[in-house]
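Structure below is query-v4.tsv: TSV, C-alpha atoms.
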```tsv
chain	number	residue	atom	x	y	z
A	1	VAL	CA	164.17	161.37	112.91
A	2	PHE	CA	166.29	160.27	109.99
A	3	GLU	CA	168.14	157.73	112.11
A	4	TRP	CA	164.85	156.42	113.46
A	5	HIS	CA	163.59	156.19	109.91
A	6	GLU	CA	166.68	154.31	108.85
A	7	GLU	CA	166.43	151.90	111.80
A	8	LEU	CA	162.83	151.01	111.11
A	9	SER	CA	163.50	150.68	107.40
A	10	ARG	CA	166.40	148.34	108.13
A	11	LYS	CA	164.28	146.20	110.44
A	12	VAL	CA	161.55	145.91	107.81
A	13	ARG	CA	164.10	144.98	105.18
A	14	ASP	CA	165.75	142.42	107.49
A	15	CYS	CA	162.37	140.81	108.22
A	16	PHE	CA	161.49	140.38	104.56
A	17	ASP	CA	165.02	139.27	103.66
A	18	SER	CA	164.96	136.59	106.38
A	19	MET	CA	161.77	135.23	104.85
A	20	GLY	CA	163.08	135.46	101.28
A	21	ARG	CA	160.27	137.77	100.31
A	22	PRO	CA	160.69	141.01	98.34
A	23	CYS	CA	160.84	144.01	100.60
A	24	PRO	CA	158.26	146.70	99.86
A	25	SER	CA	159.08	150.37	99.71
A	26	PHE	CA	159.15	152.00	103.13
A	27	GLU	CA	155.82	153.68	102.78
A	28	PRO	CA	152.80	153.23	105.03
A	29	GLY	CA	150.54	151.78	102.33
A	30	ALA	CA	153.15	149.42	100.85
A	31	VAL	CA	154.32	148.13	104.20
A	32	SER	CA	150.72	147.68	105.40
A	33	ARG	CA	149.79	145.73	102.27
A	34	ALA	CA	152.89	143.53	102.54
A	35	VAL	CA	152.24	142.84	106.22
A	36	THR	CA	148.59	142.06	105.53
A	37	GLU	CA	149.57	139.67	102.75
A	38	LEU	CA	152.15	138.02	104.99
A	39	LYS	CA	149.65	137.75	107.81
A	40	GLY	CA	147.16	136.15	105.43
A	41	ASP	CA	149.75	133.58	104.34
A	42	VAL	CA	150.73	132.77	107.92
A	43	ASP	CA	147.07	132.56	108.98
A	44	ASN	CA	146.35	130.24	106.06
A	45	ASP	CA	149.25	127.97	107.01
A	46	ASP	CA	148.20	128.01	110.67
A	47	GLN	CA	144.65	127.25	109.63
A	48	LEU	CA	145.92	124.33	107.55
A	49	VAL	CA	147.79	122.95	110.56
A	50	ARG	CA	144.70	123.30	112.73
A	51	ALA	CA	142.52	121.85	109.96
A	52	VAL	CA	144.69	118.73	109.81
A	53	ALA	CA	144.28	118.18	113.56
A	54	SER	CA	140.58	118.93	113.30
A	55	GLN	CA	140.18	116.55	110.35
A	56	ASP	CA	142.00	113.81	112.26
A	57	ALA	CA	139.54	114.31	115.11
A	58	ILE	CA	136.65	114.11	112.63
A	59	VAL	CA	138.06	110.90	111.17
A	60	GLN	CA	138.36	109.45	114.67
A	61	THR	CA	134.78	110.44	115.46
A	62	LYS	CA	133.45	108.99	112.21
A	63	GLY	CA	135.46	105.82	112.80
A	64	ASP	CA	133.93	105.47	116.26
A	65	GLU	CA	130.47	106.04	114.82
A	66	LEU	CA	131.07	103.39	112.14
A	67	GLN	CA	132.33	100.94	114.76
A	68	SER	CA	129.32	101.61	116.97
A	69	VAL	CA	126.73	101.17	114.21
A	70	THR	CA	128.60	98.08	112.95
A	71	LYS	CA	128.40	96.58	116.44
A	72	GLN	CA	124.67	97.35	116.51
A	73	LEU	CA	124.28	95.70	113.10
A	74	GLU	CA	126.10	92.57	114.31
A	75	ASP	CA	123.89	92.41	117.40
A	76	GLU	CA	120.72	92.85	115.32
A	77	ARG	CA	121.88	90.19	112.85
A	78	ALA	CA	122.45	87.80	115.72
A	79	ALA	CA	118.98	88.66	117.05
A	80	LEU	CA	117.57	88.11	113.54
A	81	THR	CA	119.17	84.67	113.40
A	82	VAL	CA	117.60	83.77	116.75
A	83	ALA	CA	114.21	85.13	115.63
A	84	SER	CA	114.42	83.24	112.30
A	85	ASP	CA	115.27	80.00	114.11
A	86	ARG	CA	112.33	80.56	116.46
A	87	VAL	CA	109.93	81.17	113.55
A	88	GLU	CA	111.22	78.07	111.75
A	89	GLU	CA	110.86	76.02	114.92
A	90	LEU	CA	107.27	77.19	115.40
A	91	ARG	CA	106.43	76.55	111.75
A	92	THR	CA	107.81	73.02	111.98
A	93	GLU	CA	105.76	72.41	115.11
A	94	GLU	CA	102.72	73.93	113.41
A	95	THR	CA	103.10	71.55	110.46
A	96	GLY	CA	103.13	68.55	112.79
A	97	LEU	CA	100.24	69.80	114.91
A	98	THR	CA	98.05	70.82	111.96
A	99	GLU	CA	97.63	67.25	110.75
A	100	LEU	CA	97.09	65.94	114.29
A	101	ALA	CA	94.65	68.71	115.21
A	102	GLY	CA	92.79	68.28	111.93
A	103	ALA	CA	92.03	64.70	112.91
A	104	VAL	CA	89.86	65.79	115.88
A	105	PRO	CA	86.55	65.06	114.06
A	106	VAL	CA	87.87	61.71	112.86
A	107	ARG	CA	89.19	60.78	116.31
A	108	GLU	CA	85.94	61.89	117.88
A	109	ALA	CA	83.96	59.73	115.43
A	110	GLU	CA	86.30	56.80	116.09
A	111	LEU	CA	85.83	57.21	119.85
A	112	ALA	CA	82.05	57.39	119.42
A	113	ALA	CA	82.11	54.29	117.22
A	114	ALA	CA	84.32	52.38	119.68
A	115	SER	CA	82.11	53.42	122.58
A	116	LEU	CA	79.02	52.34	120.67
A	117	ARG	CA	80.60	48.95	119.85
A	118	LEU	CA	81.55	48.51	123.49
A	119	GLU	CA	78.00	49.39	124.52
A	120	ARG	CA	76.62	46.88	122.01
A	121	ARG	CA	79.08	44.21	123.14
A	122	VAL	CA	78.10	44.74	126.78
A	123	GLY	CA	74.46	44.80	125.70
A	124	LEU	CA	75.03	41.53	123.86
A	125	ASP	CA	76.02	39.84	127.12
A	126	ASP	CA	73.06	41.42	128.87
A	127	LEU	CA	70.70	40.27	126.15
A	128	SER	CA	72.20	36.77	126.24
A	129	ALA	CA	71.56	36.61	129.97
A	130	LYS	CA	68.05	38.02	129.51
A	131	LEU	CA	67.39	35.55	126.66
A	132	ALA	CA	68.50	32.65	128.81
A	133	ALA	CA	66.15	33.81	131.54
A	134	ALA	CA	63.37	34.33	128.98
A	135	VAL	CA	63.90	30.81	127.61
A	136	THR	CA	63.67	29.43	131.12
A	137	ARG	CA	60.52	31.41	131.80
A	138	ALA	CA	58.99	30.29	128.48
A	139	THR	CA	59.86	26.67	129.24
A	140	ASP	CA	58.33	26.96	132.68
A	141	ALA	CA	55.21	28.61	131.20
A	142	LYS	CA	54.94	25.82	128.63
A	143	LEU	CA	55.27	23.20	131.31
A	144	GLU	CA	52.70	24.99	133.45
A	145	TYR	CA	50.34	25.15	130.45
A	146	GLU	CA	50.79	21.47	129.66
A	147	GLN	CA	50.16	20.52	133.29
A	148	THR	CA	47.08	22.77	133.41
A	149	MET	CA	45.84	21.28	130.14
A	150	THR	CA	46.41	17.74	131.43
A	151	ALA	CA	44.54	18.54	134.63
A	152	PHE	CA	41.77	20.15	132.60
A	153	VAL	CA	41.43	17.04	130.42
A	154	ALA	CA	41.62	14.75	133.46
A	155	THR	CA	38.82	16.55	135.24
A	156	GLN	CA	36.62	16.85	132.18
A	157	ALA	CA	34.89	13.41	132.57
A	158	PRO	CA	34.02	13.87	136.28
A	159	ARG	CA	32.75	17.32	135.49
A	160	LEU	CA	30.50	15.91	132.69
A	161	ALA	CA	29.41	13.04	134.92
A	162	ALA	CA	28.38	15.47	137.57
A	163	GLU	CA	26.14	17.16	135.07
A	164	LEU	CA	24.39	13.85	133.97
A	165	SER	CA	20.73	13.27	134.84
A	166	VAL	CA	18.84	9.95	135.02
A	167	GLY	CA	17.26	9.08	131.71
A	168	GLU	CA	19.23	11.80	129.82
A	169	ALA	CA	21.69	10.83	127.13
A	170	CYS	CA	25.42	11.12	127.91
A	171	PRO	CA	26.98	13.93	125.80
A	172	VAL	CA	30.01	11.69	125.25
A	173	CYS	CA	28.62	8.20	124.52
A	174	GLY	CA	24.87	8.96	124.15
A	175	SER	CA	23.84	6.26	126.60
A	176	THR	CA	20.87	6.99	128.83
A	177	GLU	CA	22.18	4.70	131.45
A	178	HIS	CA	24.97	5.76	133.71
A	179	PRO	CA	26.02	2.74	135.70
A	180	ALA	CA	29.51	4.10	136.78
A	181	PRO	CA	29.87	7.85	136.38
A	182	ALA	CA	33.40	9.27	136.80
A	183	THR	CA	34.30	11.00	140.03
A	184	LEU	CA	36.97	13.71	140.88
A	185	GLY	CA	38.23	12.08	143.90
A	186	SER	CA	41.14	14.21	145.21
A	187	GLN	CA	41.68	16.09	141.89
A	188	ARG	CA	41.11	19.85	141.59
A	189	VAL	CA	38.70	21.11	139.00
A	190	VAL	CA	40.38	23.07	136.18
A	191	ASP	CA	38.19	25.23	134.03
A	192	HIS	CA	38.67	26.80	130.61
A	193	ALA	CA	39.67	30.19	132.04
A	194	GLU	CA	42.62	28.69	133.90
A	195	VAL	CA	43.70	26.91	130.75
A	196	ASP	CA	43.43	30.12	128.76
A	197	ASP	CA	45.45	31.99	131.36
A	198	ALA	CA	48.22	29.38	131.25
A	199	ARG	CA	48.24	29.47	127.46
A	200	ASN	CA	48.39	33.29	127.45
A	201	VAL	CA	51.31	33.29	129.89
A	202	TRP	CA	53.12	30.76	127.72
A	203	SER	CA	52.45	32.85	124.60
A	204	ALA	CA	53.70	36.02	126.33
A	205	ARG	CA	56.89	34.23	127.45
A	206	GLN	CA	57.42	33.00	123.89
A	207	ALA	CA	56.93	36.54	122.57
A	208	ASP	CA	59.49	37.87	125.05
A	209	GLU	CA	61.91	35.13	124.03
A	210	GLN	CA	61.45	35.86	120.31
A	211	GLN	CA	61.86	39.62	120.90
A	212	LEU	CA	65.12	39.09	122.80
A	213	GLN	CA	66.33	36.69	120.13
A	214	GLY	CA	65.63	39.35	117.49
A	215	GLN	CA	67.50	42.02	119.45
A	216	LEU	CA	70.38	39.63	120.06
A	217	GLN	CA	70.56	38.76	116.39
A	218	THR	CA	70.50	42.46	115.43
A	219	ILE	CA	73.41	43.31	117.73
A	220	THR	CA	75.28	40.21	116.60
A	221	ASP	CA	74.86	41.27	112.98
A	222	LEU	CA	76.06	44.82	113.83
A	223	LEU	CA	79.14	43.52	115.59
A	224	GLY	CA	79.85	41.06	112.82
A	225	GLY	CA	82.80	38.77	113.37
A	226	ASP	CA	83.81	40.72	116.50
A	227	ALA	CA	80.70	39.58	118.36
A	228	SER	CA	82.66	36.63	119.72
A	229	GLN	CA	85.51	38.84	120.97
A	230	PRO	CA	85.71	39.46	124.75
A	231	VAL	CA	84.47	42.72	126.23
A	232	GLU	CA	88.03	43.60	127.32
A	233	SER	CA	89.12	43.95	123.69
A	234	PHE	CA	86.30	46.44	123.10
A	235	ARG	CA	87.29	48.39	126.24
A	236	ALA	CA	90.90	48.42	125.01
A	237	ALA	CA	89.69	49.86	121.69
A	238	VAL	CA	87.75	52.57	123.55
A	239	ASP	CA	90.81	53.39	125.67
A	240	GLU	CA	93.00	53.63	122.57
A	241	ALA	CA	90.44	55.84	120.79
A	242	THR	CA	90.22	58.01	123.93
A	243	VAL	CA	93.99	58.48	123.98
A	244	LEU	CA	94.02	59.43	120.29
A	245	PHE	CA	91.09	61.80	120.71
A	246	ASP	CA	92.68	63.47	123.76
A	247	ALA	CA	95.96	63.84	121.84
A	248	ALA	CA	94.15	65.43	118.91
A	249	GLN	CA	92.32	67.84	121.22
A	250	ALA	CA	95.57	68.74	123.00
A	251	ALA	CA	97.18	69.32	119.60
A	252	ALA	CA	94.28	71.60	118.60
A	253	ARG	CA	94.64	73.64	121.80
A	254	ARG	CA	98.42	73.86	121.39
A	255	LEU	CA	98.00	74.80	117.74
A	256	SER	CA	95.78	77.74	118.68
A	257	VAL	CA	98.36	79.01	121.17
A	258	LEU	CA	101.21	78.27	118.78
A	259	ARG	CA	99.69	80.29	115.95
A	260	THR	CA	99.48	83.30	118.27
A	261	GLU	CA	103.12	82.78	119.22
A	262	LEU	CA	104.05	82.34	115.55
A	263	ALA	CA	102.33	85.60	114.57
A	264	SER	CA	104.17	87.41	117.36
A	265	ALA	CA	107.49	85.79	116.39
A	266	GLU	CA	107.00	86.72	112.72
A	267	MET	CA	106.22	90.32	113.67
A	268	GLU	CA	109.34	90.43	115.83
A	269	LYS	CA	111.41	88.95	113.02
A	270	LYS	CA	110.02	91.51	110.58
A	271	SER	CA	110.84	94.35	112.97
A	272	ILE	CA	114.39	93.08	113.47
A	273	ASP	CA	114.81	92.56	109.72
A	274	GLU	CA	113.74	96.16	109.07
A	275	GLN	CA	116.16	97.32	111.76
A	276	VAL	CA	118.95	95.29	110.13
A	277	ARG	CA	118.25	96.86	106.73
A	278	SER	CA	118.20	100.31	108.34
A	279	LEU	CA	121.50	99.63	110.11
A	280	GLU	CA	123.01	98.28	106.89
A	281	GLY	CA	122.13	101.58	105.25
A	282	GLN	CA	123.61	103.47	108.20
A	283	VAL	CA	126.79	101.38	108.04
A	284	ALA	CA	127.11	102.02	104.31
A	285	GLY	CA	126.54	105.75	104.84
A	286	ALA	CA	128.97	105.87	107.77
A	287	ALA	CA	131.58	103.97	105.77
A	288	ALA	CA	131.20	106.35	102.82
A	289	THR	CA	131.42	109.37	105.14
A	290	LEU	CA	134.51	107.94	106.83
A	291	ALA	CA	136.11	107.30	103.43
A	292	ARG	CA	135.45	110.92	102.40
A	293	GLU	CA	136.81	112.29	105.66
A	294	GLU	CA	139.90	110.04	105.44
A	295	ALA	CA	140.50	111.20	101.88
A	296	GLU	CA	140.21	114.82	103.04
A	297	ALA	CA	142.57	114.11	105.95
A	298	THR	CA	145.06	112.52	103.56
A	299	ARG	CA	144.84	115.49	101.26
A	300	ARG	CA	145.45	117.91	104.11
A	301	ARG	CA	148.33	115.84	105.44
A	302	GLU	CA	149.87	115.89	101.97
A	303	LEU	CA	149.52	119.68	101.94
A	304	ILE	CA	151.02	120.10	105.39
A	305	ALA	CA	153.82	117.69	104.47
A	306	LYS	CA	154.92	120.28	101.88
A	307	LEU	CA	154.88	122.97	104.56
A	308	ASP	CA	158.23	123.87	106.16
A	309	THR	CA	157.32	124.18	109.82
A	310	ALA	CA	160.64	125.83	110.66
A	311	GLU	CA	160.09	128.41	107.92
A	312	LEU	CA	156.55	128.90	109.20
A	313	GLU	CA	157.88	129.60	112.67
A	314	VAL	CA	160.31	132.15	111.20
A	315	ARG	CA	157.43	133.83	109.40
A	316	ARG	CA	155.41	133.92	112.60
A	317	THR	CA	158.32	135.59	114.42
A	318	GLN	CA	159.01	138.12	111.66
A	319	LEU	CA	155.29	138.81	111.27
A	320	GLN	CA	155.12	139.73	114.94
A	321	VAL	CA	158.09	142.10	114.49
A	322	LEU	CA	156.44	143.68	111.47
A	323	LEU	CA	153.13	144.00	113.31
A	324	ASP	CA	154.99	145.86	116.05
A	325	ILE	CA	156.73	148.14	113.50
A	326	GLU	CA	153.79	148.78	111.19
A	327	PRO	CA	151.97	151.28	113.46
A	328	HIS	CA	155.12	153.47	113.60
A	329	VAL	CA	155.88	153.51	109.87
A	330	GLY	CA	153.35	156.14	109.03
A	331	GLY	CA	154.46	158.34	111.95
A	332	VAL	CA	158.17	158.22	111.21
A	333	VAL	CA	157.63	158.86	107.49
A	334	SER	CA	155.37	161.82	108.34
A	335	GLU	CA	157.80	163.22	110.89
A	336	LEU	CA	160.72	162.78	108.49
A	337	GLU	CA	158.85	164.67	105.80
A	338	GLN	CA	158.03	167.47	108.26
A	339	ALA	CA	161.62	167.57	109.54
A	340	SER	CA	162.97	167.58	106.00
A	341	THR	CA	160.65	170.41	105.03
A	342	SER	CA	161.66	172.47	108.08
A	343	HIS	CA	165.29	171.76	107.43
A	344	ARG	CA	164.96	172.72	103.76
A	345	ASP	CA	163.19	175.94	104.66
A	346	ALA	CA	165.93	176.76	107.16
A	347	CYS	CA	168.59	176.07	104.57
A	348	ASP	CA	166.86	178.24	101.99
A	349	SER	CA	166.60	181.07	104.53
A	350	LEU	CA	170.25	180.64	105.42
A	351	ALA	CA	171.29	180.61	101.77
A	352	ALA	CA	169.35	183.84	101.08
A	353	SER	CA	170.93	185.52	104.07
A	354	LEU	CA	174.45	184.44	103.15
A	355	ALA	CA	174.08	185.37	99.49
A	356	ALA	CA	174.28	189.00	100.40
A	357	SER	CA	177.33	188.45	102.58
A	358	ARG	CA	180.90	188.22	101.53
A	359	ARG	CA	181.15	185.08	103.51
A	360	CYS	CA	178.38	183.43	101.48
A	361	ARG	CA	180.62	180.95	99.68
A	362	GLY	CA	182.62	180.02	102.72
A	363	ALA	CA	179.46	179.59	104.75
A	364	LEU	CA	178.03	177.33	102.13
A	365	ARG	CA	181.15	175.24	102.14
A	366	GLU	CA	180.79	174.79	105.88
A	367	CYS	CA	177.17	173.65	105.53
A	368	PRO	CA	176.63	169.95	106.35
A	369	ARG	CA	177.24	167.76	103.39
A	370	PRO	CA	173.68	166.41	102.92
A	371	HIS	CA	172.37	169.92	102.61
A	372	ARG	CA	174.82	171.25	100.09
A	373	ARG	CA	172.83	169.80	97.20
A	374	TRP	CA	169.78	171.72	98.43
```
The structure given in the file should be rewritten as structure tokens.
Amino acid sequence: VFEWHEELSRKVRDCFDSMGRPCPSFEPGAVSRAVTELKGDVDNDDQLVRAVASQDAIVQTKGDELQSVTKQLEDERAALTVASDRVEELRTEETGLTELAGAVPVREAELAAASLRLERRVGLDDLSAKLAAAVTRATDAKLEYEQTMTAFVATQAPRLAAELSVGEACPVCGSTEHPAPATLGSQRVVDHAEVDDARNVWSARQADEQQLQGQLQTITDLLGGDASQPVESFRAAVDEATVLFDAAQAAARRLSVLRTELASAEMEKKSIDEQVRSLEGQVAGAAATLAREEAEATRRRELIAKLDTAELEVRRTQLQVLLDIEPHVGGVVSELEQASTSHRDACDSLAASLAASRRCRGALRECPRPHRRW
């Protein structure tokens, strides 16, 4: 038991000496505390080594996250640039269309005015033709009236002569004698009614002529100096006004669609802008997190740089030896104490027996050396 005790004690001492650590007394409690302390140190160093690797992995992960969110931010910024250009393009187009579309009432009025002038200019030619016809009709009516009046006057004397009676005074000359009364011969008798009818027709034709002259003068005054211009120039003005009016209407329709597109584009731009600001915050947060994790990794690498890995391996090996020995320390110490007590009791019994014998002193001298002091 003593040799076993010495062997274990030597192994414990060699383990602590190889690590340069003070060797505890060979007692169960002291050895257990020293082994626990050593195990804690080794575990701490192992944990530091693992922590460095773990921190490097964290740094790599955070770096990947920062790279990913940075790429997203770049993509969103590019999309924001496109959206901003689109909004600016639509706003520029809106500015140009607003003025053109706003001229729709003006263009419509211009078209109406040009159409009215064309209508008046065409009406002017129609009235001129009608006036010429009316003048001809009035001239013919006048001629017809004059001829009817001439015939009426020419047939007046025969008509009066036919009404004369013998011995009655002539209503023209007052003579009671009628030696050669006028005769109609081949002439037709024209009465007052026919004359009145011819005069009324002439008057009506004159009224028509005067009415057309008034209308013609009114239109001429409305057209002003352009009354002498050809109809083609008025049609050209209508065509030009039509083109301008159609362009204004097309601009108004396009403006309505464009404003819807612009509202949609502005909403999209706003959404992308908010996403960019969010990603900028994420990038800043990810960068700060990466900086903290890199600082922690640097700190841990500095700590592990001070660690002697070879010495750590020696401690691991010696710790394993001590862990194997520790369970037996208490047993060998206990057995040694029991063996020592039994041996001491045996020696005391032997000494008492030999004290009464003459060979007591010689027997004591023959006793093993370690027991002589007992």
Do a neighbour search on A:Leu97 at 10 Å with all atoms listed in the file, toss out local chain neighbours closer than 6 positions, and write the hits as an NGL selection string. :A and (91 or 103 or 248 or 250-256 or 258)
A:Leu290 surroundings by all atoms listed in the file, 8 Å radius, close-in-sequence under 5 positions cut, as a list in words: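 Returned residues: Val59, Lys62, Gly63 and Leu66 of chain A.
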Could you work out how far atom CA of A:Asp125 lies from atom CA of A:Lys142, giving the answer in Å with one decimal?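 It comes out at 25.4 Å.
Of the listed residues A:Gln282, A:Gln229, A:Ser342, A:Thr61, the one whose atoms come nearest to A:Leu118 is A:Gln229, with distances taken using all atoms listed in the file.
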Please list as a VMD selection string every residue within 12 Å of A:Arg50, counting all atoms listed in the file and excluding residues in the same chain fewer than 4 positions away. chain A and resid 43 to 46 54 to 57 297 300 to 301 304
Since we have the selection now, will you write its residues out, keeping C-alpha atoms, as a CSV table (one decimal), in the coordinates of the input?
```
chain,number,residue,atom,x,y,z
A,43,ASP,CA,147.1,132.6,109.0
A,44,ASN,CA,146.4,130.2,106.1
A,45,ASP,CA,149.2,128.0,107.0
A,46,ASP,CA,148.2,128.0,110.7
A,54,SER,CA,140.6,118.9,113.3
A,55,GLN,CA,140.2,116.6,110.4
A,56,ASP,CA,142.0,113.8,112.3
A,57,ALA,CA,139.5,114.3,115.1
A,297,ALA,CA,142.6,114.1,106.0
A,300,ARG,CA,145.4,117.9,104.1
A,301,ARG,CA,148.3,115.8,105.4
A,304,ILE,CA,151.0,120.1,105.4
```
I'd like the neighbourhood of A:Asp208 as an mmCIF file with C-alpha atoms, in the frame of the given file, where a residue qualifies if any of its atoms comes within 10 Å (using only C-alpha atoms), though same-chain residues fewer than 5 positions away should be ignored.
```cif
data_model
loop_
_atom_site.group_PDB
_atom_site.id
_atom_site.type_symbol
_atom_site.label_atom_id
_atom_site.label_comp_id
_atom_site.auth_asym_id
_atom_site.auth_seq_id
_atom_site.Cartn_x
_atom_site.Cartn_y
_atom_site.Cartn_z
ATOM 1 C CA LYS A 130 68.050 38.020 129.510
ATOM 2 C CA LEU A 131 67.390 35.550 126.660
ATOM 3 C CA ALA A 134 63.370 34.330 128.980
ATOM 4 C CA VAL A 135 63.900 30.810 127.610
ATOM 5 C CA ARG A 137 60.520 31.410 131.800
ATOM 6 C CA ALA A 138 58.990 30.290 128.480
ATOM 7 C CA TRP A 202 53.120 30.760 127.720
ATOM 8 C CA SER A 203 52.450 32.850 124.600
ATOM 9 C CA GLN A 213 66.330 36.690 120.130
ATOM 10 C CA GLY A 214 65.630 39.350 117.490
#
```
Between A:Val87, A:Leu116, A:Cys170, A:Val283, single out the one closest to A:Glu261, counting only C-alpha atoms.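 That would be A:Val87, the residue with the smallest distance to A:Glu261.
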Would you please work out which residue, of A:Ser84, A:Thr92, A:Thr98, A:Gln72, is nearest to A:Ser278 when using only C-alpha atoms?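 Closest to A:Ser278 of all the choices is A:Gln72.
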12 Å contact set for A:Ala133, all atoms listed in the file, chain neighbours under 5 positions out, as an mmCIF file with C-alpha atoms, in the coordinates of the input:
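Contents of selection.cif, as written:
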```cif
data_model
loop_
_atom_site.group_PDB
_atom_site.id
_atom_site.type_symbol
_atom_site.label_atom_id
_atom_site.label_comp_id
_atom_site.auth_asym_id
_atom_site.auth_seq_id
_atom_site.Cartn_x
_atom_site.Cartn_y
_atom_site.Cartn_z
ATOM 1 C CA ASP A 126 73.060 41.420 128.870
ATOM 2 C CA LEU A 127 70.700 40.270 126.150
ATOM 3 C CA SER A 128 72.200 36.770 126.240
ATOM 4 C CA ALA A 138 58.990 30.290 128.480
ATOM 5 C CA THR A 139 59.860 26.670 129.240
ATOM 6 C CA ASP A 140 58.330 26.960 132.680
ATOM 7 C CA ARG A 205 56.890 34.230 127.450
ATOM 8 C CA GLN A 206 57.420 33.000 123.890
ATOM 9 C CA ASP A 208 59.490 37.870 125.050
ATOM 10 C CA GLU A 209 61.910 35.130 124.030
ATOM 11 C CA LEU A 212 65.120 39.090 122.800
ATOM 12 C CA GLN A 213 66.330 36.690 120.130
#
```
Centre and size of axis-aligned box enclosing stretch 12-25 of chain A plus 5 Å each side, as lines of an AutoDock Vina configuration file:
```
center_x = 162.0
center_y = 142.8
center_z = 103.3
size_x = 17.5
size_y = 25.1
size_z = 19.9
```
Sort by chain and increasing residue number a table of all residues of stretch 76-106 of chain A within 10 Å of stretch 237-245 of chain A, each with its closest pair of atoms and their distance in Å to one decimal, counting all atoms listed in the file, and write it as JSON lines.
```
{"residue": "A:Leu100", "atom": "CA", "partner": "A:Leu244", "partner_atom": "CA", "distance": 9.4}
{"residue": "A:Ala101", "atom": "CA", "partner": "A:Phe245", "partner_atom": "CA", "distance": 9.5}
{"residue": "A:Ala103", "atom": "CA", "partner": "A:Phe245", "partner_atom": "CA", "distance": 8.4}
{"residue": "A:Val104", "atom": "CA", "partner": "A:Phe245", "partner_atom": "CA", "distance": 6.4}
{"residue": "A:Pro105", "atom": "CA", "partner": "A:Phe245", "partner_atom": "CA", "distance": 8.7}
{"residue": "A:Val106", "atom": "CA", "partner": "A:Phe245", "partner_atom": "CA", "distance": 8.5}
```
Hey, can you check how far atom CA of A:Leu323 sits from atom CA of A:Val52?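 For atom CA of A:Leu323 relative to atom CA of A:Val52, the distance reads 26.9 Å.
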To one decimal place, how far is atom CA of A:Leu143 from atom CA of A:Arg199 in Å?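 So the two atoms, atom CA of A:Leu143 and atom CA of A:Arg199, lie 10.2 Å apart.
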Taking all atoms listed in the file into account, name the residue in A:Val195, A:Ala109, A:Val257, A:Glu89 that is nearest to A:Glu146. A:Val195
